[in-house]
Amino acid sequence: MSKRLRSSEVCADCSGPDPSWASVNRGTFICDECCSVHRSLGRHISQVRHLKHTPWPPTLLQMVETLYNNGANSIWEHSLLDPASLISGKRKANPQDKVHPNKAEFIRAKYQMLAFVHRLPCRDDDSVTAKDLSKQLHSSVRTGNLETCLRLLSLGAQANFFHPEKGNTPLHVASKAGQILQAELLAVYGADPGTQDASGKTPVDYARQGGHHELAERLVEIQYELTDRLAFYLCGRKPDHKNGQHFIIPQMADSSLDLSELAKAAKKKLQSLSNHLFEELAMDVYDEVDRRETDAVWLATQNHSTLVTETTVVPFLPVNPEYSSTRNQGRQKLARFNAHEFATLVIDILSDAKRRQQGSPLSSSKDNVELILKTISNQHSGESQDNDQPDYDSVASDEDTDLDATASKAHRQKSLDSDLSDGPVTVQEFMEVKNALVASEAKIQQLMKLLGKDAN
């Protein structure tokens with residue numbers, strides 16, 4: 001990581017010293033306490049990474065640094081900079097405030113409600129406003145002014161906007177201009193490197209034509225970010241995109257464990273999903289991987305003697321109001337999967353993603369994502385397949401909820417380090433991992449008991 005930490009850096013939300021986390025899509029650095037609130041909001045609100053203990057693509061970190069150093073936080077706290085805010089009693093949190101309710105309420109207002117963001121004059125047609133903002137974004141990305149683009153995105157500009165007159169997207173423009181940090185920002189907000197312009201060219205094509213080789217390679221990585229993250233979670237390896245390898249598909253050590261009828265049925269349903277539903281499921285599993293890995297980093301970096309139980313872990317994926325209740329319930333059920341069950345689902349998704357990318361034929365299906373999750377989650381537990389849908393709270397409080405992100409990390413590092421051409425690892429290695437998982441689970445349970453005693 002770059003030598004970016006300076007004593008002058010403070011948490012964007014409470015001004016506490018030495019922030020150790022970043023909110024990637026907000027362009028801010030935040031402290032541990034404030035990060036605990038960010039994580040509870042969900043990735044659709046704030047995408048957090050630890051500055052030292054999470055792998056960073058260099059240009060992504062550079063993008064966040066640039067935004068932070070150039071005052072991106074003023075975008076989210078615009079109205080608080082007005083002297084009138086002090087008169088009205090509005091203020092930001094400070095380091096001495098309690099996490100709950102003080103810091104939590106402020107952070108939710110700041111990022112979830114966007115309560116302090118500068119508002120544009122009201123117009124009758126919001127879609128016209130969004131279109132105008134997107135056109136401004138389209139023009140702005142050819143420059144290096146990241147703050148302007150982040151401000152436009154915060155107001156509703158669309159990162160994937162297809163300009164009707166220009167015949168391309170902001171990412172095409174940024175790639176042609178060689179603006180790699182703008183490309184990083186657009187990608188964080190959903191820009192697709194595979195989108196074709198009116199002439200059939202992608203942003204990758206323009207980057208290569210312009211001699212921006214680092215940008216072109218990074219855009220390919222972004223294009224495969226979802227499957228790369230899933231593969232790395234399982235086996236600690238990433239594909240060699242430079243040499244045309246775009247997928248790594250690990251195998252379970254003991255393939256006999258995956259031969260049950262329920263497992264076969266789940267895989268068949270997965271393969272029969274429409275591309276849209278498959279993409280939704282893959283994105284949900286990606287979010288669950290992020291939750292488990294972030295929890296592992298969280299537990300490894302906290303002072304457990306002073307840690308309060310309310311900031312230990314995020315037990316399941318937070319609700320995204322843009323998703324249906326069925327999808328949110330399915331997302332939360334992912335937390336109940338143990339390491340083996342979750343690895344099985346991830347491998348099936350990687351395999352089917354490769355099949356779909358290579359253009360294999362798809363069959364039609366009316367099955368939904370929730371049914372697949374239910375089938376897979378039942379394959380080892382022997383539960384009956386009823387139609388009851390638990391409420392969010394009951395899913396989160398279920399006793400068999402899997403909080404062991406650390407065990408998952410050990411599992412990926414030791415048991416799944418092979419792709420299709422290498423063959424599975426041995427049964428002996430699998431048993432070693434299984435024993436390590438049991439020991440890790442016991443350690444986590446002991447830790448949670450100690451935390452409970454400290455809280456009392």
# chains A, B, ... in the order shown; residues from 1 in each chain; ligands from 1

$ residues_around --residues "segment 185-193 of chain A" --least-positions-apart "5" --cutoff "10 Å" --atoms "only C-alpha atoms" --output "ChimeraX atom specification"
/A:24-27,44,47,60,63-64,67,137,141,146,149-150,153-154,157-161,169-172,174-175,180,202-205,216,218-224

$ residues_around --residues "Ser23 of chain A" --least-positions-apart "4" --cutoff "12 Å" --atoms "only C-alpha atoms" --output "PyMOL selection string"
chain A and resi 11-13+19+27-32+34-39+41-51+60-61+63-65+67-68+72-73+111+188

$ residues_around --residues "segment 345-360 of chain A" --least-positions-apart "6" --cutoff "7 Å" --atoms "only C-alpha atoms" --output "list in words"
Thr227, Leu230, Phe247, Ile249, Pro250, Lys267, Gln271 and Ala282 of chain A

$ closest_residue --among "A:Leu226, A:Leu114, A:Lys264, A:Leu80" --to "Gly156 of chain A" --atoms "only C-alpha atoms"
A:Leu114

$ closest_residue --among "A:Ala177, A:Val297, A:Ala93, A:Ala339" --to "His53 of chain A" --atoms "only C-alpha atoms"
A:Val297
